[in-house]
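Chemist: Just passing along the structure, written as structure tokens.
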Amino acid sequence: MTDYLVMCVDRASGGDPKHSHIYQAFVRPVSGGMGRLLPVKDIRREIKLGYHHFWSEDGRSKRVRVKRYKCECGFKTIRTKPDDIQDDNLSLKGPCT
Ligand SMILES: [Zn+2]
């Protein structure tokens, strides 16, 4: 099992900005080493199976767990719970591409 940090996220564009959901993310092992760009589907599967843990750090190095999230619009994505940290840690990440 590896702990990964989410470095950046790419979001679906167009339509309601409220539903600009993350569809892929670049992650790298907390311990260092090569990172990789993963479809959100793969990240969700690894979280579900408990293979790997994914974390997001804010500018103050506060680290919170990345969780699976299914939006009311049906889009299956990931997020950090807004109540894990006030401004929703993962939502502040910039785009990868
Ligand atoms: Zn949505």
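To be explicit about the labels: the chains of the structure tokens are called A, B, and onward in the order shown, and within each one the residues are counted from 1, while ligands get numbers from 1 in the order they are shown.
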Report as a ChimeraX atom specification all protein, DNA and RNA residues lying within 10 Å of Val30 in chain A, evaluated on only C-alpha atoms, omitting residues in the same chain fewer than 5 positions from it.
Modeler: /A:2-6,35,54-55
Chemist: Neighbours of ligand 1 within 10 Å, counting only C-alpha atoms and all ligand atoms, as a list in words?
Modeler: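 Selection of residues at most 10 Å from ligand 1: Asp16, Pro17, Lys18, His19, Ser20, His21, Ile22, Tyr69, Lys70, Cys71, Glu72, Cys73, Gly74, Phe75, Lys76 and Thr77 of chain A.
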Chemist: One decimal, Å: what's the distance from CA of Arg68 in chain A over to CA of Ile47 in chain A, could you say?
Modeler: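 Atom-to-atom, CA of Arg68 in chain A and CA of Ile47 in chain A are spaced 7.4 Å apart.
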Chemist: Restricting the calculation to only C-alpha atoms: of A:Glu46, A:Asp10, A:Asn89, A:Pro95, which residue gets closest to Arg65 in chain A?
Modeler: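 When distances to Arg65 in chain A are compared using only C-alpha atoms, the smallest one comes from A:Asn89.
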Chemist: Of the residues A:Leu90, A:Gly15, A:Val9, A:Gln24, which is the one nearest to Lys62 in chain A, using only C-alpha atoms?
Modeler: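 Among the listed residues, the smallest separation from Lys62 in chain A belongs to A:Leu90.
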